[in-house]
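The block underneath contains the structure these notes are about, expressed in C-alpha cells.
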Amino acid sequence: MTRLLLIGPPGAGKGTQAARLAEAFGIPAISTGDIFRENVKNETELGRQAKAFMDRGEYVPDSLTNALVRDRLSHEDAKAGFLLDGYPRTADQVVELDDILADQGNTLDSVVLITADTEEVVRRLLNRALEQGRADDTEEVIRRRMEVYAEQTAPLIEVYSNRNLVREVDGLGAVEEVTERILSALK
C-alpha cells in the first residue's frame, strides 16, 4: 500500500508529478479540485453544496471539503493506496485526514514536499497564464498565492516533519528528472 501526499507551491509541478507517480505506483491521484469538479458535474448532493460556494467565488468550507475527501477515499480504487494533491491545506484538514485514515486502519506513508525557487515559479505561472489565456493570473495575484501557500502550508510541513514523513525534492528541472528524484526519495 502506498498513501502519499504531495505538497508544493503553485506552479511547482505537483499535478504533473501526481499523474506520473500515480502511474508508477498503480494508485489514483486524488486532487480536491478534481473531486469538486466531478461532484458538481454529477450533481451529487455534496457537489451542489460545493457549487454554491464556488459560484460565489468563495472557498469551499473545510467541513464540505472533508466530506468530499472522506467519500473519495472510500472508493474501491483508493483502498490499495492513493496520492493526495491539494489536501490537506489547513491544520484542521490534517486532523480530519488523520481521522479518515484511522477509521480505515491506515496512516500516511510519506509526504513529498516539492520545492521550487519563487522567481522560477512566478515565471512558469506567468507563461502558463499567457499560454492558457488566464488574464486573472497577473504577477501580483501569483505572488499573493505564493504568500498564502507559505502562510498556510508551513504549519502542515512542520506537523508532517515532526512525524518524519517529509521527503523534500527539488521540483526544478526536466519532468523526468524530478520524477526520478521523488522515486529515489521514497525508497
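In the C-alpha cells, the first chain shown is A, the next is B, and so on; residue numbers restart at 1 for each chain, and ligands run from 1 in the order shown.
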(request) Considering only C-alpha atoms, return as a VMD selection string whatever protein or nucleic-acid residues lie within 9 Å of Thr90 (chain A), sequence-local ones (same chain, fewer than 6 positions apart) excluded. (result) chain A and resid 62 152 to 153 155 to 156
(request) Determine which residues of region 39-124 of chain A DSSP labels as strand (DSSP E or B) from the backbone of this structure, then write them out as JSON, numbers by chain. (result) {"A": [81, 82, 83, 84, 85, 110, 111, 112, 113, 114, 115]}
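Of the residues under consideration (A:Val169, A:Phe36, A:Asn164, A:Arg124), A:Phe36 shows the shortest atom-to-atom contact distance to Arg72 (chain A) when counting only C-alpha atoms.
Contact shell of region 45-50 of chain A at 9 Å (only C-alpha atoms; same-chain neighbours under 5 positions omitted): Ile35, Phe36, Arg37, Glu38, Asn39, Val40, Asp55, Tyr59, Val60, Pro61, Leu64, Thr65, Ala67 and Leu68 of chain A.
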Expected file: the selected residues, C-alpha atoms, as a PDB file, in the first residue's frame:
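File again.pdb, as written:
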```pdb
ATOM      1  CA  ILE A  35     -13.221  15.945  -6.659  1.00  0.00           C
ATOM      2  CA  PHE A  36     -15.107  19.250  -6.676  1.00  0.00           C
ATOM      3  CA  ARG A  37     -15.489  19.230 -10.472  1.00  0.00           C
ATOM      4  CA  GLU A  38     -16.613  15.573 -10.575  1.00  0.00           C
ATOM      5  CA  ASN A  39     -19.226  16.040  -7.856  1.00  0.00           C
ATOM      6  CA  VAL A  40     -20.521  19.254  -9.447  1.00  0.00           C
ATOM      7  CA  ASP A  55     -20.308  30.169  -7.917  1.00  0.00           C
ATOM      8  CA  TYR A  59     -13.586  28.780  -0.781  1.00  0.00           C
ATOM      9  CA  VAL A  60     -15.448  25.563  -0.151  1.00  0.00           C
ATOM     10  CA  PRO A  61     -15.532  25.263   3.673  1.00  0.00           C
ATOM     11  CA  LEU A  64     -17.626  20.152   2.961  1.00  0.00           C
ATOM     12  CA  THR A  65     -14.115  19.577   1.587  1.00  0.00           C
ATOM     13  CA  ALA A  67     -16.774  15.206   3.470  1.00  0.00           C
ATOM     14  CA  LEU A  68     -15.860  15.097  -0.224  1.00  0.00           C
TER      15      LEU A  68
END
```
(message) Just want the 12 Å neighbourhood of region 129-142 of chain A, counted on only C-alpha atoms, with same-chain residues fewer than 4 positions away dropped. Output as a ChimeraX atom specification.
(response) /A:9-11,118-125,146-149
(message) Report as a list in words all protein, DNA and RNA residues lying within 12 Å of Thr107 (chain A), evaluated on only C-alpha atoms, omitting residues in the same chain fewer than 2 positions from it.
(response) Met1, Thr2, Arg3, Leu4, Leu5, Gly81, Phe82, Val94, Val95, Leu97, Asp98, Asp99, Ile100, Leu101, Ala102, Asp103, Gln104, Gly105, Asp109, Ser110, Val111, Tyr160, Arg163 and Leu165 of chain A
(request) Go through A:Gly8, A:Arg143, A:Ser184, A:Glu151 and flag the residue nearest Leu126 (chain A), using only C-alpha atoms for the distances. (result) A:Arg143
(request) Write down as a count of residues only the residues of region 21-167 of chain A whose backbone DSSP state falls under helix (DSSP H, G or I). (result) 93
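A straight line drawn from CA of Gln93 (chain A) to CA of Phe53 (chain A) is 18.2 Å long.
For the choices A:Ala154, A:Ala116, A:Leu73, A:Leu84, the atom-to-atom distance to Ala18 (chain A) is smallest for A:Leu84 when using only C-alpha atoms.
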